[in-house]
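Q: The structure file work-v8.cif (mmCIF, C-alpha atoms) is provided below.
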data_start
loop_
_atom_site.label_atom_id
_atom_site.label_comp_id
_atom_site.auth_asym_id
_atom_site.auth_seq_id
_atom_site.Cartn_x
_atom_site.Cartn_y
_atom_site.Cartn_z
CA MET A 5 103.98 82.85 -10.83
CA PRO A 6 101.84 85.96 -10.15
CA LYS A 7 98.90 85.73 -7.81
CA SER A 8 95.46 85.47 -9.39
CA VAL A 9 93.35 88.58 -8.82
CA ALA A 10 89.60 89.10 -9.07
CA ILE A 11 88.18 92.63 -9.30
CA VAL A 12 84.68 93.39 -8.04
CA THR A 13 83.30 96.87 -8.66
CA GLY A 14 80.58 98.30 -6.44
CA ALA A 15 82.05 96.02 -3.80
CA ALA A 16 80.87 97.98 -0.76
CA GLY A 17 77.24 96.99 -1.39
CA ASP A 18 75.55 93.78 -0.30
CA ILE A 19 75.80 92.04 -3.68
CA GLY A 20 79.39 93.16 -4.23
CA ARG A 21 80.39 91.98 -0.77
CA ALA A 22 78.84 88.55 -1.35
CA ILE A 23 80.56 88.23 -4.73
CA ALA A 24 83.93 89.23 -3.27
CA TRP A 25 83.63 86.64 -0.49
CA ARG A 26 82.66 83.89 -2.95
CA LEU A 27 85.45 84.70 -5.42
CA ALA A 28 88.07 84.25 -2.70
CA ASP A 29 87.50 80.59 -3.52
CA GLY A 30 89.51 80.35 -6.72
CA HIS A 31 91.55 83.56 -6.49
CA ASP A 32 94.52 84.55 -4.37
CA VAL A 33 93.41 88.17 -4.01
CA VAL A 34 90.07 89.94 -4.43
CA LEU A 35 90.24 93.67 -5.14
CA LEU A 36 87.17 95.50 -3.84
CA ALA A 37 86.61 98.63 -5.91
CA ASP A 38 84.02 101.20 -4.91
CA ILE A 39 83.51 104.94 -5.24
CA ASP A 40 83.40 104.93 -1.43
CA GLY A 41 86.90 103.72 -0.69
CA ASP A 42 86.40 103.80 3.09
CA ALA A 43 83.32 101.58 2.83
CA ALA A 44 85.20 99.18 0.56
CA GLY A 45 88.05 99.12 3.05
CA LYS A 46 85.70 98.20 5.87
CA VAL A 47 84.25 95.35 3.81
CA ALA A 48 87.77 94.13 3.00
CA ARG A 49 88.67 94.11 6.70
CA ASP A 50 85.43 92.36 7.62
CA LEU A 51 86.04 89.65 5.03
CA GLY A 52 89.54 88.86 6.17
CA GLY A 53 92.03 91.63 5.65
CA GLU A 54 94.73 92.79 3.27
CA GLU A 55 96.29 89.40 2.48
CA ARG A 56 93.20 88.16 0.62
CA PHE A 57 90.99 91.24 0.27
CA SER A 58 92.24 94.63 -0.85
CA ALA A 59 90.21 97.82 -1.32
CA VAL A 60 90.58 100.70 -3.74
CA ALA A 61 88.53 103.85 -4.28
CA CYS A 62 87.38 104.00 -7.89
CA ASP A 63 84.91 106.04 -9.91
CA VAL A 64 84.12 103.47 -12.58
CA THR A 65 82.59 106.13 -14.82
CA ASP A 66 85.99 107.82 -15.17
CA ALA A 67 88.61 106.27 -17.47
CA ALA A 68 91.55 107.57 -15.44
CA SER A 69 90.10 106.17 -12.23
CA ALA A 70 89.49 102.80 -13.89
CA ALA A 71 93.10 102.80 -15.11
CA ALA A 72 94.31 103.50 -11.56
CA MET A 73 92.20 100.58 -10.34
CA ALA A 74 93.86 98.35 -12.94
CA GLU A 75 97.28 99.49 -11.72
CA ALA A 76 96.31 98.65 -8.13
CA ALA A 77 95.24 95.18 -9.27
CA ALA A 78 98.48 94.67 -11.22
CA ALA A 79 100.45 95.50 -8.09
CA ARG A 80 98.80 92.51 -6.38
CA GLY A 81 99.08 90.00 -9.22
CA LEU A 82 97.41 89.18 -12.54
CA VAL A 83 93.72 89.81 -13.14
CA HIS A 84 91.86 86.59 -13.92
CA THR A 85 88.33 87.81 -13.27
CA LEU A 86 86.56 91.16 -13.66
CA VAL A 87 83.08 91.52 -12.18
CA ASN A 88 81.32 94.69 -13.29
CA ASN A 89 78.85 94.95 -10.44
CA ALA A 90 78.59 98.72 -9.80
CA GLY A 91 75.18 100.08 -10.73
CA ALA A 92 72.17 102.08 -9.63
CA ALA A 93 68.73 103.11 -10.87
CA HIS A 94 67.02 106.46 -10.65
CA ALA A 95 63.83 107.69 -12.36
CA VAL A 96 61.05 105.09 -12.26
CA SER A 97 59.16 106.11 -15.41
CA LEU A 98 60.16 107.37 -18.84
CA HIS A 99 58.14 110.54 -18.25
CA GLU A 100 60.20 111.30 -15.12
CA THR A 101 63.53 110.56 -16.85
CA THR A 102 65.55 113.68 -17.59
CA GLN A 103 68.50 113.89 -19.94
CA ASP A 104 70.83 114.07 -16.95
CA VAL A 105 69.33 110.92 -15.41
CA TRP A 106 69.50 109.12 -18.76
CA ARG A 107 73.19 109.96 -19.12
CA MET A 108 73.99 109.21 -15.48
CA ASP A 109 72.36 105.77 -15.52
CA ASN A 110 74.00 104.85 -18.82
CA ALA A 111 77.40 106.03 -17.61
CA LEU A 112 77.24 103.91 -14.46
CA ASN A 113 75.42 100.83 -15.72
CA LEU A 114 76.90 100.49 -19.21
CA GLU A 115 79.84 102.74 -20.05
CA ALA A 116 81.59 101.91 -16.77
CA ALA A 117 81.73 98.22 -17.67
CA PHE A 118 83.35 99.14 -20.98
CA LEU A 119 85.92 101.38 -19.26
CA CYS A 120 86.80 98.77 -16.64
CA PHE A 121 87.15 96.04 -19.24
CA ARG A 122 89.43 98.14 -21.40
CA ALA A 123 91.51 99.02 -18.33
CA VAL A 124 92.28 95.35 -17.56
CA GLU A 125 92.02 93.97 -21.10
CA ASP A 126 95.73 93.16 -21.45
CA MET A 127 95.84 91.30 -18.15
CA LEU A 128 92.76 89.28 -19.07
CA LYS A 129 94.43 88.33 -22.35
CA GLU A 130 97.49 87.15 -20.46
CA SER A 131 95.45 85.13 -17.96
CA ARG A 132 92.85 84.00 -20.51
CA GLY A 133 90.44 85.28 -17.93
CA SER A 134 86.77 85.95 -17.46
CA VAL A 135 84.39 88.91 -17.34
CA VAL A 136 81.08 88.67 -15.50
CA ASN A 137 78.73 91.61 -15.90
CA ILE A 138 75.95 92.07 -13.38
CA ALA A 139 72.98 92.97 -15.55
CA SER A 140 69.33 92.80 -14.46
CA VAL A 141 65.99 91.36 -15.44
CA ASN A 142 65.26 94.99 -16.30
CA GLY A 143 67.52 94.55 -19.31
CA MET A 144 65.38 91.63 -20.51
CA ALA A 145 61.86 93.01 -20.09
CA VAL A 146 60.06 96.17 -18.98
CA PHE A 147 59.93 96.53 -15.19
CA GLY A 148 60.32 100.31 -14.84
CA HIS A 149 63.45 102.45 -14.38
CA PRO A 150 63.84 103.01 -18.14
CA ALA A 151 67.32 104.57 -18.24
CA TYR A 152 68.71 101.84 -16.00
CA SER A 153 66.89 99.19 -18.00
CA ALA A 154 68.14 100.46 -21.35
CA ALA A 155 71.67 100.52 -19.97
CA LYS A 156 71.37 96.95 -18.67
CA ALA A 157 70.07 95.82 -22.07
CA GLY A 158 73.14 97.45 -23.58
CA LEU A 159 75.30 95.68 -21.00
CA LEU A 160 73.96 92.34 -22.21
CA HIS A 161 74.98 93.22 -25.75
CA LEU A 162 78.39 94.43 -24.57
CA THR A 163 78.79 91.03 -22.92
CA ARG A 164 78.19 89.32 -26.26
CA LEU A 165 80.54 91.72 -28.03
CA VAL A 166 83.38 90.90 -25.65
CA ALA A 167 82.64 87.18 -25.90
CA VAL A 168 82.75 87.20 -29.70
CA GLU A 169 85.63 89.61 -30.28
CA TYR A 170 87.90 88.44 -27.47
CA GLY A 171 87.20 84.72 -27.53
CA LYS A 172 90.30 84.25 -29.68
CA PHE A 173 92.34 85.42 -26.68
CA GLY A 174 90.67 82.90 -24.38
CA ILE A 175 88.62 85.58 -22.64
CA ARG A 176 85.09 84.57 -21.67
CA ALA A 177 82.34 87.10 -21.00
CA ASN A 178 78.99 86.32 -19.41
CA ALA A 179 76.26 88.15 -17.55
CA VAL A 180 74.12 87.48 -14.51
CA ALA A 181 70.66 89.06 -14.45
CA PRO A 182 69.24 89.21 -10.91
CA GLY A 183 65.63 89.86 -10.11
CA THR A 184 64.68 91.52 -6.84
CA VAL A 185 67.57 90.98 -4.40
CA ARG A 186 67.14 91.21 -0.65
CA THR A 187 69.64 93.98 0.02
CA GLN A 188 69.72 96.74 2.62
CA ALA A 189 67.94 99.03 0.16
CA TRP A 190 65.02 96.61 0.01
CA GLU A 191 65.12 96.14 3.78
CA ALA A 192 64.69 99.91 4.07
CA ARG A 193 61.60 99.67 1.87
CA ALA A 194 60.33 96.86 4.06
CA ALA A 195 60.70 99.09 7.11
CA ALA A 196 58.33 101.55 5.46
CA ASN A 197 56.08 98.84 4.03
CA PRO A 198 56.28 95.51 5.90
CA GLN A 199 54.38 93.80 3.07
CA VAL A 200 56.85 94.79 0.35
CA PHE A 201 58.45 91.34 0.07
CA GLU A 202 55.09 89.58 0.16
CA GLU A 203 53.88 91.88 -2.61
CA ALA A 204 57.02 91.34 -4.68
CA LYS A 205 57.39 87.59 -4.36
CA ARG A 206 53.95 86.85 -5.82
CA TRP A 207 55.47 87.61 -9.23
CA TYR A 208 58.16 84.97 -8.73
CA PRO A 209 57.32 81.31 -9.48
CA LEU A 210 59.58 80.15 -6.64
CA GLN A 211 57.67 82.46 -4.28
CA HIS A 212 60.73 83.94 -2.67
CA ILE A 213 63.27 86.70 -3.24
CA VAL A 214 66.86 86.34 -4.41
CA ASN A 215 69.62 86.70 -1.79
CA PRO A 216 73.02 88.31 -2.53
CA GLU A 217 74.62 84.88 -2.06
CA ASP A 218 72.51 83.51 -4.92
CA VAL A 219 74.00 86.10 -7.26
CA ALA A 220 77.49 85.43 -5.90
CA ASN A 221 77.18 81.70 -6.52
CA ALA A 222 76.21 82.31 -10.15
CA VAL A 223 79.16 84.67 -10.62
CA HIS A 224 81.53 82.16 -9.06
CA PHE A 225 80.33 79.43 -11.41
CA LEU A 226 80.62 81.56 -14.55
CA ALA A 227 84.13 82.70 -13.55
CA SER A 228 85.29 79.18 -12.72
CA PRO A 229 86.86 76.45 -14.89
CA GLN A 230 83.53 74.60 -14.63
CA ALA A 231 82.16 77.16 -17.10
CA SER A 232 85.14 76.98 -19.46
CA ALA A 233 82.88 76.34 -22.47
CA ILE A 234 80.32 79.02 -21.57
CA THR A 235 80.61 82.51 -23.02
CA GLY A 236 78.27 85.19 -24.31
CA VAL A 237 75.31 84.11 -22.21
CA CYS A 238 73.03 85.78 -19.69
CA LEU A 239 72.10 83.70 -16.65
CA PRO A 240 68.93 85.00 -14.94
CA VAL A 241 69.03 84.62 -11.16
CA ASP A 242 65.46 85.68 -10.64
CA CYS A 243 63.47 82.90 -8.96
CA GLY A 244 61.73 82.32 -12.29
CA LEU A 245 60.48 85.86 -12.95
CA THR A 246 61.52 85.99 -16.60
CA ALA A 247 60.10 82.51 -17.25
CA GLY A 248 56.59 83.87 -16.75
CA GLN A 249 53.92 84.28 -14.09
CA ALA A 250 51.46 81.53 -13.20
CA GLU A 251 48.65 84.02 -12.53
CA VAL A 252 49.05 85.57 -15.97
CA ALA A 253 49.26 82.14 -17.61
CA ARG A 254 46.05 81.00 -15.89
CA THR A 255 44.27 84.18 -16.91
CA PHE A 256 45.20 83.71 -20.56
CA SER A 257 44.37 79.99 -20.55
CA GLN A 258 40.94 80.65 -19.04
CA SER A 259 40.14 83.41 -21.55
CA SER A 260 41.44 81.64 -24.65
CA HIS A 261 39.00 80.43 -27.28
CA TYR A 262 39.94 77.91 -29.96
#
Would you mind writing the structure in this file as structure tokens?
A:
Amino acid sequence: MPKSVAIVTGAAGDIGRAIAWRLADGHDVVLLADIDGDAAGKVARDLGGEERFSAVACDVTDAASAAAMAEAAAARGLVHTLVNNAGAAHAVSLHETTQDVWRMDNALNLEAAFLCFRAVEDMLKESRGSVVNIASVNGMAVFGHPAYSAAKAGLLHLTRLVAVEYGKFGIRANAVAPGTVRTQAWEARAAANPQVFEEAKRWYPLQHIVNPEDVANAVHFLASPQASAITGVCLPVDCGLTAGQAEVARTFSQSSHY
């Protein structure tokens, strides 16, 4: 019986690393794919080495590179889980967004998930496996970074498309939509502005910021047999951000006239 393999793209980052570590519970091998193969290799070694964690350099925006990643996974076993985690945001406002930025953000945050899914589609059919796309609250409402946000909104629809079209093969597809996550990038902002987390968390009903492990736990659940009847959904992991803001609710309730 072939070993069960999970693929995590963008695995050299904080969220990808946390997801890879969590998916080792339930999979024989976790393949860490990242455009920076050396960084992915270091993460694989830190997490436990080649027996359980394997690294591969992959440009997820390139179909040939995604196909090579699929071949590397097949050499280790049978893909049961694909986590499309690679992503990045660039221009903050629509006015600042150039055509090149628009295309770049859509290629990385939307098209790449399509390419990676198609690359491992046959293995997921065989394993009756699961796809988990890492979307964002930006794909659910307007929080800036328009090209990134539009791509993440498209990723949510791609998730539903896979769920509906491939459900007959036993493939489930779901998305996780994180809010602000306490990664190294945000720590760098905090170094420049020590109040950045205090300023950010006031928008979150739980009054704290998401950790990479929170995202990883949601991914693990959606990929597991415990979620065998769940497909086509988006699970926000956002400390309540998309539920609404208490300050805004109070303002509206105080100004309402009936």
Q: Would you mind telling me which residue in A:Val185, A:Ala117, A:Ala78, A:Ala44 lies nearest to Val214 in chain A when using all atoms listed in the file?
A: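 Nearest candidate to Val214 in chain A out of A:Val185, A:Ala117, A:Ala78, A:Ala44: A:Val185.
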Q: Can you tell me which residues surround Thr163 in chain A at a distance of at most 7 Å, considering all atoms listed in the file, apart from same-chain residues fewer than 6 positions away, and format the answer as a PyMOL selection string?
A: chain A and resi 177-179+236
Q: Write a file of the selected residues as an mmCIF file, in the frame of the given file, keeping C-alpha atoms.
A:
data_model
loop_
_atom_site.group_PDB
_atom_site.id
_atom_site.type_symbol
_atom_site.label_atom_id
_atom_site.label_comp_id
_atom_site.auth_asym_id
_atom_site.auth_seq_id
_atom_site.Cartn_x
_atom_site.Cartn_y
_atom_site.Cartn_z
ATOM 1 C CA ALA A 177 82.340 87.100 -21.000
ATOM 2 C CA ASN A 178 78.990 86.320 -19.410
ATOM 3 C CA ALA A 179 76.260 88.150 -17.550
ATOM 4 C CA GLY A 236 78.270 85.190 -24.310
#
Q: If we count only C-alpha atoms, what is near range 209-212 of chain A at a cut-off of 7 Å, once residues fewer than 6 positions away on the same chain are taken out, given as a ChimeraX atom specification?
A: /A:243-245,249-250
Q: Could you write out the selected residues, including C-alpha atoms, as a compact mmCIF listing (two decimals), in the coordinates of the input?
A:
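Result saved to out-v8.txt:
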# COMPACT_ATOMS: atom_id res chain seq x y z
CA CYS A 243 63.47 82.90 -8.96
CA GLY A 244 61.73 82.32 -12.29
CA LEU A 245 60.48 85.86 -12.95
CA GLN A 249 53.92 84.28 -14.09
CA ALA A 250 51.46 81.53 -13.20
Q: Evaluate the PyMOL selection byres ((chain A and resi 66) around 10) and record the selected residues as a tab-separated table (two decimals) with C-alpha atoms, in the coordinates of the input, following the chain and residue labels used in the document.
A:
chain	number	residue	atom	x	y	z
A	62	CYS	CA	87.38	104.00	-7.89
A	63	ASP	CA	84.91	106.04	-9.91
A	64	VAL	CA	84.12	103.47	-12.58
A	65	THR	CA	82.59	106.13	-14.82
A	67	ALA	CA	88.61	106.27	-17.47
A	68	ALA	CA	91.55	107.57	-15.44
A	69	SER	CA	90.10	106.17	-12.23
A	70	ALA	CA	89.49	102.80	-13.89
A	71	ALA	CA	93.10	102.80	-15.11
A	111	ALA	CA	77.40	106.03	-17.61
A	112	LEU	CA	77.24	103.91	-14.46
A	115	GLU	CA	79.84	102.74	-20.05
A	116	ALA	CA	81.59	101.91	-16.77
A	119	LEU	CA	85.92	101.38	-19.26
A	120	CYS	CA	86.80	98.77	-16.64
Q: Could you tell me which of A:Phe147, A:Leu86, A:Cys238, A:Pro6 comes closest to Leu160 in chain A if we count all atoms listed in the file?
A: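 Among the listed residues, the smallest separation from Leu160 in chain A belongs to A:Cys238.
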Q: Translate the PyMOL selection byres ((chain A and resi 46-49) around 12) into a concrete residue list for this structure, as a tab-separated table (two decimals) with C-alpha atoms, keeping the file's coordinate frame.
A:
chain	number	residue	atom	x	y	z
A	12	VAL	CA	84.68	93.39	-8.04
A	14	GLY	CA	80.58	98.30	-6.44
A	15	ALA	CA	82.05	96.02	-3.80
A	16	ALA	CA	80.87	97.98	-0.76
A	17	GLY	CA	77.24	96.99	-1.39
A	18	ASP	CA	75.55	93.78	-0.30
A	19	ILE	CA	75.80	92.04	-3.68
A	20	GLY	CA	79.39	93.16	-4.23
A	21	ARG	CA	80.39	91.98	-0.77
A	22	ALA	CA	78.84	88.55	-1.35
A	23	ILE	CA	80.56	88.23	-4.73
A	24	ALA	CA	83.93	89.23	-3.27
A	25	TRP	CA	83.63	86.64	-0.49
A	28	ALA	CA	88.07	84.25	-2.70
A	33	VAL	CA	93.41	88.17	-4.01
A	34	VAL	CA	90.07	89.94	-4.43
A	35	LEU	CA	90.24	93.67	-5.14
A	36	LEU	CA	87.17	95.50	-3.84
A	37	ALA	CA	86.61	98.63	-5.91
A	38	ASP	CA	84.02	101.20	-4.91
A	40	ASP	CA	83.40	104.93	-1.43
A	41	GLY	CA	86.90	103.72	-0.69
A	42	ASP	CA	86.40	103.80	3.09
A	43	ALA	CA	83.32	101.58	2.83
A	44	ALA	CA	85.20	99.18	0.56
A	45	GLY	CA	88.05	99.12	3.05
A	50	ASP	CA	85.43	92.36	7.62
A	51	LEU	CA	86.04	89.65	5.03
A	52	GLY	CA	89.54	88.86	6.17
A	53	GLY	CA	92.03	91.63	5.65
A	54	GLU	CA	94.73	92.79	3.27
A	55	GLU	CA	96.29	89.40	2.48
A	56	ARG	CA	93.20	88.16	0.62
A	57	PHE	CA	90.99	91.24	0.27
A	58	SER	CA	92.24	94.63	-0.85
A	59	ALA	CA	90.21	97.82	-1.32
A	60	VAL	CA	90.58	100.70	-3.74
A	61	ALA	CA	88.53	103.85	-4.28
Q: Using all atoms listed in the file, pick whichever of A:Ala227, A:Ala192, A:Met108, A:Met127 has the shortest atom-to-atom distance to Phe173 in chain A.
A: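 Answer, going by the shortest atom-to-atom distance: A:Met127.
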Q: I'd like the contact shell of His94 in chain A - 7 Å cut-off, all atoms listed in the file, skipping same-chain residues fewer than 2 positions apart - returned as an mmCIF file with C-alpha atoms, in the coordinates of the input.
A:
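Result file out_9.cif:
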data_model
loop_
_atom_site.group_PDB
_atom_site.id
_atom_site.type_symbol
_atom_site.label_atom_id
_atom_site.label_comp_id
_atom_site.auth_asym_id
_atom_site.auth_seq_id
_atom_site.Cartn_x
_atom_site.Cartn_y
_atom_site.Cartn_z
ATOM 1 C CA ALA A 92 72.170 102.080 -9.630
ATOM 2 C CA VAL A 96 61.050 105.090 -12.260
ATOM 3 C CA VAL A 105 69.330 110.920 -15.410
ATOM 4 C CA HIS A 149 63.450 102.450 -14.380
#
Q: What does the distance from CA of Tyr170 in chain A to CA of Arg80 in chain A come to in Å, to one decimal?
A: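 Here the two named atoms are 24.1 Å from each other.
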Q: Put a box with edges along x, y and z around all the listed atoms of range 187-198 of chain A, pad it by 6 Å on each side, then give me its centre and sizes in Å, one decimal, as AutoDock Vina command-line options.
A:
--center_x 62.9 --center_y 97.8 --center_z 3.6 --size_x 25.6 --size_y 19.6 --size_z 19.1
Q: Give as a PyMOL selection string each residue that has an atom at most 8 Å from (95.9, 89.5, -11.9) in the file, counting all atoms listed in the file.
A: chain A and resi 6-10+77-78+80-85+127-128+131
Q: As a list in words, please: the residues near Gly148 in chain A (cut-off 12 Å, only C-alpha atoms, same-chain neighbours under 6 positions excluded).
A: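 Counting only the stated atoms, we get Ala93, His94, Ala95, Val96, Ser97, Leu98, His99, Glu100, Thr101, Ser140, Val141, Asn142 and Ala154 of chain A.
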Q: Take CA of Ala233 in chain A and CA of Gly174 in chain A and report the distance between them in Å, one decimal.
A: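 Atom-to-atom, CA of Ala233 in chain A to CA of Gly174 in chain A, that is 10.4 Å.
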Q: From the list A:Ile11, A:Val241, A:Ile138, A:Leu159, which residue is nearest Ala76 in chain A when using only C-alpha atoms?
A: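 Using only C-alpha atoms, Ala76 in chain A sits closest to A:Ile11.
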Q: Grab the CA of Thr102 in chain A to CA of Ala139 in chain A distance for me, in Å with one decimal place.
A: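 Computing the Euclidean distance for CA of Thr102 in chain A and CA of Ala139 in chain A yields 22.1 Å.
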Q: Tell me which residues the PyMOL selection byres ((chain A and resi 219-221) around 7) grabs here, as an mmCIF file with C-alpha atoms, keeping the file's coordinate frame.
A:
data_model
loop_
_atom_site.group_PDB
_atom_site.id
_atom_site.type_symbol
_atom_site.label_atom_id
_atom_site.label_comp_id
_atom_site.auth_asym_id
_atom_site.auth_seq_id
_atom_site.Cartn_x
_atom_site.Cartn_y
_atom_site.Cartn_z
ATOM 1 C CA ALA A 22 78.840 88.550 -1.350
ATOM 2 C CA ILE A 23 80.560 88.230 -4.730
ATOM 3 C CA ARG A 26 82.660 83.890 -2.950
ATOM 4 C CA PRO A 182 69.240 89.210 -10.910
ATOM 5 C CA PRO A 216 73.020 88.310 -2.530
ATOM 6 C CA GLU A 217 74.620 84.880 -2.060
ATOM 7 C CA ASP A 218 72.510 83.510 -4.920
ATOM 8 C CA ALA A 222 76.210 82.310 -10.150
ATOM 9 C CA VAL A 223 79.160 84.670 -10.620
ATOM 10 C CA HIS A 224 81.530 82.160 -9.060
ATOM 11 C CA PHE A 225 80.330 79.430 -11.410
ATOM 12 C CA VAL A 241 69.030 84.620 -11.160
#
Q: With distances taken over all atoms listed in the file, which of A:Val168, A:Val200, A:Ala72, A:Ile213 is nearest to Val237 in chain A?
A: A:Val168
Q: For Pro229 in chain A, which residue among A:Arg122, A:Arg176, A:Thr13, A:Asn88 is the nearest when counting only C-alpha atoms?
A: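 Of all the options, A:Arg176 lies closest to Pro229 in chain A.
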